[in-house]
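Structure file final07.cif (mmCIF, C-alpha atoms and all ligand atoms) is printed below.
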data_final
loop_
_atom_site.label_atom_id
_atom_site.label_comp_id
_atom_site.auth_asym_id
_atom_site.auth_seq_id
_atom_site.Cartn_x
_atom_site.Cartn_y
_atom_site.Cartn_z
CA MET M 41 58.31 45.86 15.49
CA GLU M 42 56.62 45.22 18.81
CA GLU M 43 53.36 46.65 17.45
CA ARG M 44 53.46 44.47 14.36
CA ILE M 45 53.97 41.39 16.48
CA GLN M 46 51.03 42.30 18.69
CA ALA M 47 48.81 42.80 15.61
CA LEU M 48 49.91 39.41 14.26
CA LEU M 49 49.20 37.79 17.62
CA GLN M 50 45.65 39.08 17.33
CA GLU M 51 45.35 37.73 13.80
CA VAL M 52 46.66 34.35 14.78
CA THR M 53 44.42 33.83 17.81
CA SER M 54 41.26 34.83 15.96
CA TYR M 55 42.05 32.83 12.80
CA ALA M 56 39.26 30.47 11.78
CA ALA M 57 39.58 27.63 9.27
CA THR M 58 37.22 24.81 8.46
CA ASP M 59 39.06 23.05 5.63
CA LYS M 60 42.49 21.68 4.91
CA GLN M 61 43.39 24.40 2.46
CA SER M 62 42.89 27.32 4.82
CA ILE M 63 44.86 25.50 7.51
CA GLU M 64 47.68 25.13 5.02
CA THR M 65 47.47 28.85 4.21
CA PHE M 66 47.78 29.51 7.94
CA ARG M 67 50.85 27.30 8.19
CA LEU M 68 52.58 28.95 5.28
CA LYS M 69 51.85 32.43 6.54
CA TYR M 70 52.58 32.13 10.24
CA ILE M 71 54.68 29.04 10.84
CA SER M 72 56.85 28.29 7.81
CA LYS M 73 60.34 29.79 7.80
CA LYS M 74 59.53 31.64 4.60
CA GLY M 75 56.39 33.14 6.11
CA THR M 76 55.79 36.26 8.20
CA LEU M 77 57.25 34.67 11.30
CA GLY M 78 60.45 33.72 9.48
CA GLU M 79 60.77 37.28 8.17
CA LEU M 80 60.38 38.67 11.67
CA PHE M 81 63.07 36.40 13.05
CA GLU M 82 65.35 37.67 10.30
CA GLU M 83 64.53 41.25 11.24
CA LEU M 84 65.19 40.47 14.88
CA LYS M 85 68.80 39.75 14.08
CA GLN M 86 69.26 43.34 12.93
CA LEU M 87 68.05 44.90 16.16
CA ALA M 88 70.14 46.45 18.91
CA PRO M 89 70.72 44.00 21.83
CA GLU M 90 68.27 45.81 24.17
CA GLN M 91 65.37 45.78 21.70
CA LYS M 92 66.28 42.28 20.65
CA LYS M 93 65.59 41.02 24.14
CA THR M 94 62.01 42.33 24.46
CA ALA M 95 61.04 41.84 20.83
CA GLY M 96 62.49 38.32 20.94
CA LYS M 97 60.26 37.49 23.87
CA THR M 98 57.03 38.62 22.19
CA LEU M 99 58.09 37.02 18.93
CA ASN M 100 58.50 33.70 20.75
CA GLN M 101 55.02 34.15 22.22
CA LEU M 102 53.70 34.69 18.70
CA LYS M 103 55.49 31.57 17.52
CA GLN M 104 53.99 29.46 20.33
CA ALA M 105 50.52 30.94 19.76
CA ALA M 106 50.77 30.14 16.03
CA GLU M 107 51.83 26.55 16.69
CA ALA M 108 49.09 26.05 19.27
CA LYS M 109 46.51 27.46 16.86
CA PHE M 110 47.76 25.22 14.07
CA ALA M 111 47.32 22.14 16.27
CA GLU M 112 43.88 23.31 17.36
CA LEU M 113 42.72 23.88 13.77
CA ASN M 114 43.88 20.41 12.74
CA GLU M 115 42.07 18.83 15.66
CA GLN M 116 38.86 20.66 14.78
CA LEU M 117 39.09 19.51 11.18
CA GLN M 118 39.37 15.89 12.20
CA ALA M 119 36.35 16.16 14.48
CA THR M 120 34.15 17.71 11.75
CA PRO M 121 32.90 15.30 9.11
CA THR M 122 33.76 16.50 5.60
CA ALA M 123 31.40 16.45 2.65
CA SER M 124 32.69 13.14 1.36
CA THR M 125 32.26 11.40 4.71
CA ASP M 126 29.29 13.23 6.18
CA LEU M 127 27.93 10.02 7.58
CA ASP M 128 27.52 10.45 11.28
CA LEU M 129 27.33 7.04 12.85
CA THR M 130 26.63 8.52 16.24
CA LEU M 131 23.21 9.88 15.21
CA PRO M 132 20.17 7.99 16.53
CA PRO M 133 18.54 5.89 13.76
CA ILE M 134 15.45 7.10 11.90
CA PRO M 135 12.64 5.09 13.52
CA ASN M 136 11.12 2.36 11.37
CA GLU M 137 7.49 3.26 10.76
CA ILE M 138 5.38 0.16 11.10
CA GLY M 139 2.87 0.00 8.26
CA ASN M 140 -0.47 -1.73 8.40
CA LEU M 141 -2.72 -3.77 6.18
CA HIS M 142 -5.26 -2.00 3.99
CA PRO M 143 -8.82 -2.30 5.35
CA LEU M 144 -9.85 -4.22 2.21
CA THR M 145 -7.04 -6.70 2.85
CA LEU M 146 -8.11 -7.05 6.47
CA THR M 147 -11.65 -7.86 5.33
CA LYS M 148 -10.42 -10.24 2.65
CA TYR M 149 -8.33 -12.13 5.22
CA ARG M 150 -11.30 -12.34 7.58
CA ILE M 151 -13.57 -13.67 4.80
CA ILE M 152 -10.95 -16.27 3.88
CA GLU M 153 -10.59 -17.27 7.52
CA ILE M 154 -14.33 -17.87 7.90
CA PHE M 155 -14.68 -19.89 4.69
CA GLU M 156 -11.49 -21.87 5.24
CA ARG M 157 -12.99 -23.22 8.42
CA LEU M 158 -15.93 -24.47 6.34
CA GLY M 159 -13.49 -26.35 4.11
CA PHE M 160 -13.23 -23.85 1.22
CA ASN M 161 -9.95 -23.46 -0.68
CA VAL M 162 -8.71 -20.11 -1.96
CA ALA M 163 -8.26 -19.73 -5.74
CA ASP M 164 -7.07 -17.01 -8.06
CA GLY M 165 -7.70 -16.09 -11.69
CA PRO M 166 -6.66 -13.52 -14.31
CA GLU M 167 -7.86 -9.91 -14.29
CA VAL M 168 -7.37 -9.63 -18.05
CA GLU M 169 -9.86 -12.16 -19.30
CA ASP M 170 -11.41 -13.38 -22.54
CA ASP M 171 -15.08 -13.20 -23.49
CA TRP M 172 -15.58 -16.92 -22.93
CA HIS M 173 -14.55 -16.98 -19.26
CA ASN M 174 -16.08 -13.63 -18.32
CA PHE M 175 -19.37 -13.94 -20.26
CA SER M 176 -20.12 -16.78 -22.66
CA ALA M 177 -19.30 -19.76 -20.44
CA LEU M 178 -21.35 -18.09 -17.70
CA ASN M 179 -24.41 -18.30 -19.93
CA PHE M 180 -24.53 -14.61 -20.88
CA PRO M 181 -26.47 -14.37 -24.16
CA PRO M 182 -24.59 -12.70 -27.05
CA ASN M 183 -26.64 -9.50 -26.79
CA HIS M 184 -26.42 -9.06 -23.02
CA PRO M 185 -26.02 -5.36 -22.09
CA ALA M 186 -22.97 -6.06 -19.86
CA ARG M 187 -21.00 -6.73 -23.03
CA GLU M 188 -21.51 -3.17 -24.18
CA MET M 189 -18.82 -0.55 -23.96
CA GLN M 190 -20.52 1.42 -21.17
CA ASP M 191 -20.00 -1.40 -18.68
CA THR M 192 -16.91 -3.27 -19.75
CA PHE M 193 -13.35 -2.14 -20.42
CA PHE M 194 -12.31 -3.95 -23.58
CA VAL M 195 -8.63 -4.41 -24.31
CA GLU M 196 -8.01 -3.09 -27.82
CA LYS M 197 -5.78 -4.78 -30.33
CA SER M 198 -2.86 -2.74 -31.69
CA GLY M 199 -4.97 -1.27 -34.54
CA GLY M 200 -7.59 0.01 -32.07
CA GLU M 201 -9.91 -2.83 -33.02
CA LYS M 202 -12.09 -4.31 -30.27
CA GLY M 203 -10.46 -7.57 -29.25
CA ASP M 204 -11.60 -10.65 -27.39
CA LEU M 205 -9.84 -9.52 -24.22
CA LEU M 206 -11.34 -7.39 -21.47
CA LEU M 207 -10.80 -6.44 -17.84
CA ARG M 208 -12.95 -8.90 -15.94
CA THR M 209 -16.21 -7.38 -14.74
CA HIS M 210 -16.60 -9.89 -11.91
CA THR M 211 -14.72 -12.71 -10.19
CA SER M 212 -17.17 -15.26 -11.66
CA ASN M 213 -14.60 -15.93 -14.41
CA VAL M 214 -12.60 -17.90 -11.83
CA GLN M 215 -15.55 -20.31 -11.39
CA ILE M 216 -15.11 -21.32 -15.04
CA ARG M 217 -11.33 -21.54 -14.79
CA MET M 218 -11.63 -23.78 -11.72
CA LEU M 219 -14.28 -26.06 -13.19
CA GLU M 220 -12.30 -26.46 -16.42
CA ASN M 221 -9.33 -27.74 -14.43
CA GLN M 222 -10.83 -29.59 -11.52
CA LYS M 223 -13.56 -32.15 -11.32
CA PRO M 224 -16.15 -31.92 -8.51
CA PRO M 225 -16.23 -31.82 -5.57
CA VAL M 226 -15.11 -28.19 -5.77
CA ARG M 227 -15.36 -25.90 -2.79
CA ALA M 228 -13.48 -22.62 -3.15
CA ILE M 229 -13.53 -18.89 -2.64
CA MET M 230 -11.88 -16.58 -5.14
CA PRO M 231 -11.09 -13.04 -4.06
CA GLY M 232 -9.88 -10.43 -6.55
CA ARG M 233 -10.16 -7.08 -8.27
CA VAL M 234 -12.79 -6.37 -10.91
CA TYR M 235 -13.35 -3.48 -13.34
CA ARG M 236 -16.39 -1.66 -14.67
CA ASN M 237 -16.80 1.44 -16.76
CA GLU M 238 -18.55 3.50 -14.09
CA ALA M 239 -18.26 7.14 -13.08
CA ILE M 240 -16.43 7.39 -9.75
CA SER M 241 -18.57 8.49 -6.80
CA ALA M 242 -19.07 7.70 -3.10
CA ARG M 243 -21.06 4.61 -4.11
CA ALA M 244 -19.43 3.44 -7.35
CA HIS M 245 -15.92 3.00 -8.72
CA CYS M 246 -14.32 1.81 -11.94
CA PHE M 247 -12.51 -0.90 -9.99
CA PHE M 248 -13.46 -2.73 -6.84
CA HIS M 249 -13.08 -6.13 -5.21
CA GLN M 250 -15.23 -9.20 -4.99
CA VAL M 251 -14.97 -12.62 -3.48
CA GLU M 252 -16.56 -15.40 -5.45
CA GLY M 253 -17.74 -18.57 -3.74
CA LEU M 254 -18.37 -21.91 -5.42
CA TYR M 255 -19.47 -25.27 -4.08
CA ILE M 256 -20.14 -28.10 -6.53
CA ASP M 257 -20.81 -31.66 -5.45
CA LYS M 258 -23.51 -34.31 -5.52
CA ASN M 259 -26.71 -33.23 -3.77
CA VAL M 260 -25.79 -29.62 -3.01
CA GLY M 261 -29.03 -27.71 -2.52
CA PHE M 262 -30.34 -24.22 -1.93
CA ALA M 263 -30.48 -24.87 1.83
CA ASP M 264 -26.68 -25.33 1.78
CA LEU M 265 -26.28 -21.93 0.15
CA LYS M 266 -28.56 -20.32 2.68
CA GLN M 267 -26.93 -21.94 5.69
CA THR M 268 -23.41 -21.13 4.47
CA LEU M 269 -24.18 -17.44 4.02
CA TYR M 270 -26.12 -17.32 7.27
CA HIS M 271 -23.12 -18.73 9.11
CA PHE M 272 -20.80 -16.33 7.29
CA SER M 273 -22.88 -13.27 8.22
CA LYS M 274 -22.95 -14.14 11.90
CA GLU M 275 -19.20 -14.79 11.97
CA MET M 276 -18.44 -11.61 10.07
CA PHE M 277 -20.88 -9.14 11.57
CA GLY M 278 -21.89 -10.64 14.90
CA LYS M 279 -24.35 -13.23 16.16
CA ASP M 280 -27.36 -10.90 16.11
CA THR M 281 -27.06 -10.38 12.36
CA LYS M 282 -30.05 -11.52 10.33
CA ILE M 283 -30.02 -12.40 6.64
CA ARG M 284 -32.68 -12.07 3.96
CA LEU M 285 -32.73 -13.61 0.49
CA ARG M 286 -34.49 -11.71 -2.30
CA PRO M 287 -35.33 -13.34 -5.64
CA SER M 288 -33.07 -12.00 -8.37
CA PHE M 289 -31.66 -12.81 -11.78
CA PHE M 290 -28.17 -13.73 -12.99
CA PRO M 291 -27.51 -15.56 -16.27
CA PHE M 292 -25.24 -18.06 -14.51
CA THR M 293 -27.55 -19.11 -11.67
CA GLU M 294 -31.08 -20.51 -11.45
CA PRO M 295 -32.74 -19.79 -9.11
CA SER M 296 -30.89 -16.61 -8.10
CA ALA M 297 -31.07 -14.55 -4.94
CA GLU M 298 -29.64 -11.35 -3.60
CA ILE M 299 -28.44 -11.57 -0.01
CA ASP M 300 -29.16 -8.78 2.42
CA ILE M 301 -28.03 -8.51 6.02
CA SER M 302 -29.82 -6.51 8.71
CA CYS M 303 -28.33 -3.00 8.81
CA LEU M 304 -25.59 -2.85 11.43
CA ILE M 305 -25.65 0.89 11.62
CA CYS M 306 -29.27 1.50 12.63
CA LYS M 307 -29.93 -2.07 13.85
CA GLY M 308 -32.76 -2.34 11.38
CA LYS M 309 -34.56 0.88 12.33
CA GLY M 310 -33.72 2.62 9.04
CA CYS M 311 -30.87 5.00 8.15
CA ASN M 312 -29.02 6.51 5.16
CA VAL M 313 -26.80 3.47 4.69
CA CYS M 314 -29.71 1.04 4.32
CA LYS M 315 -31.80 3.70 2.55
CA HIS M 316 -34.31 3.40 5.42
CA SER M 317 -35.10 -0.22 4.64
CA GLY M 318 -33.22 -1.79 7.57
CA TRP M 319 -31.42 -4.15 5.11
CA VAL M 320 -28.15 -3.90 3.17
CA GLU M 321 -27.21 -6.02 0.17
CA ILE M 322 -23.87 -7.82 0.44
CA ALA M 323 -23.89 -10.45 -2.29
CA GLY M 324 -25.51 -12.02 -5.31
CA SER M 325 -25.96 -15.78 -5.28
CA GLY M 326 -27.80 -18.77 -6.66
CA MET M 327 -27.69 -22.38 -7.79
CA VAL M 328 -25.17 -22.78 -10.62
CA HIS M 329 -27.04 -22.86 -13.94
CA PRO M 330 -26.94 -26.28 -15.71
CA ASN M 331 -25.57 -24.56 -18.84
CA VAL M 332 -22.54 -23.33 -16.88
CA LEU M 333 -21.80 -26.86 -15.68
CA LYS M 334 -22.22 -28.19 -19.23
CA ASN M 335 -19.87 -25.50 -20.57
CA CYS M 336 -17.21 -26.85 -18.22
CA GLY M 337 -17.82 -30.49 -19.12
CA ILE M 338 -19.69 -31.35 -15.92
CA ASP M 339 -22.91 -33.35 -16.02
CA PRO M 340 -25.68 -31.26 -14.35
CA GLU M 341 -27.69 -34.44 -13.75
CA GLU M 342 -24.92 -35.72 -11.51
CA TYR M 343 -23.66 -32.56 -9.89
CA THR M 344 -25.28 -29.42 -8.57
CA GLY M 345 -23.89 -26.50 -6.66
CA PHE M 346 -24.23 -22.97 -5.45
CA ALA M 347 -22.23 -19.82 -6.11
CA PHE M 348 -22.11 -16.34 -4.73
CA GLY M 349 -20.29 -13.09 -5.40
CA MET M 350 -19.72 -10.70 -2.54
CA GLY M 351 -18.48 -7.10 -2.65
CA ILE M 352 -15.41 -6.73 -0.41
CA GLU M 353 -15.78 -2.93 -0.31
CA ARG M 354 -19.40 -3.27 0.79
CA VAL M 355 -18.52 -5.67 3.60
CA THR M 356 -15.64 -3.42 4.70
CA MET M 357 -17.87 -0.33 4.72
CA LEU M 358 -20.36 -2.08 6.97
CA ARG M 359 -17.67 -3.53 9.17
CA TYR M 360 -15.89 -0.23 9.84
CA GLN M 361 -18.76 2.16 9.09
CA ILE M 362 -17.09 3.83 6.13
CA ASN M 363 -19.38 5.90 3.95
CA ASP M 364 -17.32 6.70 0.84
CA LEU M 365 -15.92 4.11 -1.56
CA ARG M 366 -13.27 6.52 -2.84
CA LEU M 367 -11.41 6.43 0.49
CA PHE M 368 -10.20 2.92 -0.34
CA SER M 369 -8.17 3.99 -3.35
CA GLU M 370 -7.02 7.50 -2.46
CA ASN M 371 -4.11 6.27 -0.31
CA ASP M 372 -4.68 8.97 2.28
CA ILE M 373 -2.38 7.94 5.09
CA ARG M 374 -4.71 9.53 7.69
CA PHE M 375 -7.45 7.12 6.64
CA LEU M 376 -5.21 4.06 6.33
CA ARG M 377 -3.51 4.61 9.71
CA GLN M 378 -6.84 4.20 11.46
CA PHE M 379 -6.59 0.47 10.79
CA GLN M 380 -3.16 0.15 12.41
CA SER M 381 -4.34 -1.58 15.53
CA VAL M 382 -6.94 -3.79 13.87
CA MET M 383 -4.74 -6.82 13.24
N1 LIG W 1 -21.04 -11.81 -10.65
C1 LIG W 1 -22.13 -11.10 -10.00
C2 LIG W 1 -21.86 -9.60 -10.04
O1 LIG W 1 -20.77 -9.21 -10.27
C3 LIG W 1 -22.26 -11.52 -8.58
C4 LIG W 1 -22.72 -12.92 -8.45
C5 LIG W 1 -24.07 -13.24 -8.42
C6 LIG W 1 -21.81 -13.95 -8.42
C7 LIG W 1 -24.53 -14.50 -8.29
C8 LIG W 1 -22.25 -15.26 -8.29
C9 LIG W 1 -23.62 -15.52 -8.25
O2 LIG W 1 -21.43 -16.29 -8.24
O3 LIG W 1 -24.05 -16.84 -8.11
O4 LIG W 1 -22.75 -8.84 -9.82
#
Mind converting the file's structure to structure tokens?
Amino acid sequence: MEERIQALLQEVTSYAATDKQSIETFRLKYISKKGTLGELFEELKQLAPEQKKTAGKTLNQLKQAAEAKFAELNEQLQATPTASTDLDLTLPPIPNEIGNLHPLTLTKYRIIEIFERLGFNVADGPEVEDDWHNFSALNFPPNHPAREMQDTFFVEKSGGEKGDLLLRTHTSNVQIRMLENQKPPVRAIMPGRVYRNEAISARAHCFFHQVEGLYIDKNVGFADLKQTLYHFSKEMFGKDTKIRLRPSFFPFTEPSAEIDISCLICKGKGCNVCKHSGWVEIAGSGMVHPNVLKNCGIDPEEYTGFAFGMGIERVTMLRYQINDLRLFSENDIRFLRQFQSVM
């Protein structure tokens, strides 16, 4: 009997249990009266008085060891979170990662800031647009190539038929929407996303961002356009920046000009970015065509104005010396994080 008790003592002290059920099994086996311990106490009664004395002693040790183990196992169970409550409130919190604004947003905000100080409002317009606001009201003739499928994403009707709706190809549509709803003086900038059916490369994308500018009032002249963009360029790119206006053509402006700024990367000496010319184009511009004003019910004899359309990606690339347009839409966190400390 002594040997059996010793073996049980071993079993009891090395018993491991991590859930309620195995603790209960332990209790039934070693502690309950009907368990092994109970049986042994029964057996003890049958022994001769001498043996009874020694065996009784070890059996009591076993009983105490079993009770101590039972208490220990219960304590352990309470300290360990179970599957249903495995929420450990003592763990340190997962740190909140601070995000940052996208570089295009940073540039947009800076552009807005500069023009707001010149008294320009900020306006918004739809990205899904009709032919009138995107083309016709802007004096595009019916056969203009921009209306063709290779440049414009048309929104098809349910039968697959080409509809009147399209994804706007420029932010100039907002000029029309503003002038339809507001009588001059109008002085606003209109940032937004535009779409063109272009193959994606380092220099072109099927969507990008523009900011449109519009100033209509009595006696607004070309000198106002030039001075406004000159001021903008110096504010945006630094006081040493020069601007150059090149004659151009847009259906909605007459005369029209493309605006270049002196290349910030090579300081005008010639590099890849400026294609060795020392100048980089940032916007199209011009005096609003009389037909556009007429289309919006404004008398071109009374009012004149200028407009411009600037590429936000282009300005951002110059500002931060980024050489691939695709980086803006790939959402690569390693790229985006580099603008964390900018604002
Ligand atoms: N809408 C033209 C484009 O997407 C840019 C532009 C040129 C806008 C001249 C204007 C403007 O307002 O006057 O290329």
Residues of chain M at most 8 Å from ligand LIG 1 (chain W): nearest atom pair and distance in Å, all atoms listed in the file, as JSON lines:
{"residue": "M:Thr209", "atom": "CA", "partner": "W:LIG1", "partner_atom": "O1", "distance": 6.6}
{"residue": "M:His210", "atom": "CA", "partner": "W:LIG1", "partner_atom": "O1", "distance": 4.5}
{"residue": "M:Thr211", "atom": "CA", "partner": "W:LIG1", "partner_atom": "N1", "distance": 6.4}
{"residue": "M:Ser212", "atom": "CA", "partner": "W:LIG1", "partner_atom": "N1", "distance": 5.3}
{"residue": "M:Gln215", "atom": "CA", "partner": "W:LIG1", "partner_atom": "O2", "distance": 7.8}
{"residue": "M:Gln250", "atom": "CA", "partner": "W:LIG1", "partner_atom": "O1", "distance": 7.7}
{"residue": "M:Glu252", "atom": "CA", "partner": "W:LIG1", "partner_atom": "O2", "distance": 5.7}
{"residue": "M:Gly253", "atom": "CA", "partner": "W:LIG1", "partner_atom": "O2", "distance": 6.3}
{"residue": "M:Leu254", "atom": "CA", "partner": "W:LIG1", "partner_atom": "O2", "distance": 7.0}
{"residue": "M:Phe290", "atom": "CA", "partner": "W:LIG1", "partner_atom": "C7", "distance": 6.0}
{"residue": "M:Phe292", "atom": "CA", "partner": "W:LIG1", "partner_atom": "O3", "distance": 6.6}
{"residue": "M:Thr293", "atom": "CA", "partner": "W:LIG1", "partner_atom": "O3", "distance": 5.5}
{"residue": "M:Ser296", "atom": "CA", "partner": "W:LIG1", "partner_atom": "C7", "distance": 6.7}
{"residue": "M:Ala297", "atom": "CA", "partner": "W:LIG1", "partner_atom": "C7", "distance": 7.3}
{"residue": "M:Glu298", "atom": "CA", "partner": "W:LIG1", "partner_atom": "C5", "distance": 7.6}
{"residue": "M:Ala323", "atom": "CA", "partner": "W:LIG1", "partner_atom": "C3", "distance": 6.6}
{"residue": "M:Gly324", "atom": "CA", "partner": "W:LIG1", "partner_atom": "C5", "distance": 3.6}
{"residue": "M:Ser325", "atom": "CA", "partner": "W:LIG1", "partner_atom": "C7", "distance": 3.6}
{"residue": "M:Gly326", "atom": "CA", "partner": "W:LIG1", "partner_atom": "O3", "distance": 4.5}
{"residue": "M:Met327", "atom": "CA", "partner": "W:LIG1", "partner_atom": "O3", "distance": 6.6}
{"residue": "M:Val328", "atom": "CA", "partner": "W:LIG1", "partner_atom": "O3", "distance": 6.5}
{"residue": "M:Phe346", "atom": "CA", "partner": "W:LIG1", "partner_atom": "O3", "distance": 6.7}
{"residue": "M:Ala347", "atom": "CA", "partner": "W:LIG1", "partner_atom": "O3", "distance": 4.0}
{"residue": "M:Phe348", "atom": "CA", "partner": "W:LIG1", "partner_atom": "O2", "distance": 3.6}
{"residue": "M:Gly349", "atom": "CA", "partner": "W:LIG1", "partner_atom": "C6", "distance": 3.5}
{"residue": "M:Met350", "atom": "CA", "partner": "W:LIG1", "partner_atom": "C3", "distance": 6.6}
If you count only C-alpha atoms, which residues fall within 12 Å of Leu304 of chain M, apart from same-chain ones fewer than 4 positions away, as an MDAnalysis selection string? chainID M and resid 273:274 276:283 300 308:314 317:321 355 357:361
Could you state the separation of atom CA of Lys73 of chain M and atom CA of Gln86 of chain M in Å, given to one decimal place?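 So the answer is 17.0 Å.
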Residues around (-14.2, 3.8, 1.8), cut-off 10 Å, counting all atoms listed in the file - what are they as a compact mmCIF listing (two decimals) with C-alpha atoms, keeping the file's coordinate frame?
# COMPACT_ATOMS: atom_id res chain seq x y z
CA PRO M 143 -8.82 -2.30 5.35
CA LEU M 144 -9.85 -4.22 2.21
CA ALA M 242 -19.07 7.70 -3.10
CA ARG M 243 -21.06 4.61 -4.11
CA GLU M 353 -15.78 -2.93 -0.31
CA ARG M 354 -19.40 -3.27 0.79
CA THR M 356 -15.64 -3.42 4.70
CA MET M 357 -17.87 -0.33 4.72
CA LEU M 358 -20.36 -2.08 6.97
CA TYR M 360 -15.89 -0.23 9.84
CA GLN M 361 -18.76 2.16 9.09
CA ILE M 362 -17.09 3.83 6.13
CA ASN M 363 -19.38 5.90 3.95
CA ASP M 364 -17.32 6.70 0.84
CA LEU M 365 -15.92 4.11 -1.56
CA ARG M 366 -13.27 6.52 -2.84
CA LEU M 367 -11.41 6.43 0.49
CA PHE M 368 -10.20 2.92 -0.34
CA SER M 369 -8.17 3.99 -3.35
CA GLU M 370 -7.02 7.50 -2.46
CA PHE M 375 -7.45 7.12 6.64
Find the residues around segment 228-234 of chain M up to 9 Å (all atoms listed in the file counted), leave out those fewer than 6 positions away in its own chain, and share them as an NGL selection string. :M and (148 or 152 or 155-156 or 159-167 or 207-212 or 214-215 or 218 or 246-255 or 352)
Judged by only C-alpha atoms, the minimum distance to Asn100 of chain M among M:Gln46, M:Gln61, M:Gln380, M:Asn221 is found for M:Gln46
For a test of reading the model, state the distance in Å between atom CA of Thr120 of chain M and atom CA of Phe66 of chain M, rounded to one decimal.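 Interatomic distance here is 18.4 Å.
Here the question is which of M:Ile299, M:Leu80, M:Ala47, M:Ile216 gets nearest to Trp172 of chain M using all atoms listed in the file, and that residue is M:Ile216.
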Quick check, in Å to one decimal: how far apart do atom CA of Asp171 of chain M and atom CA of Leu205 of chain M lie?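 Computing it gives 6.4 Å between the two atoms.
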Test item: residues at most 12 Å from Ala56 of chain M, all atoms listed in the file, excluding those fewer than 3 positions along its chain, as a VMD selection string: chain M and resid 51 to 53 59 to 63 65 to 66 109 to 110 112 to 114 116 to 117
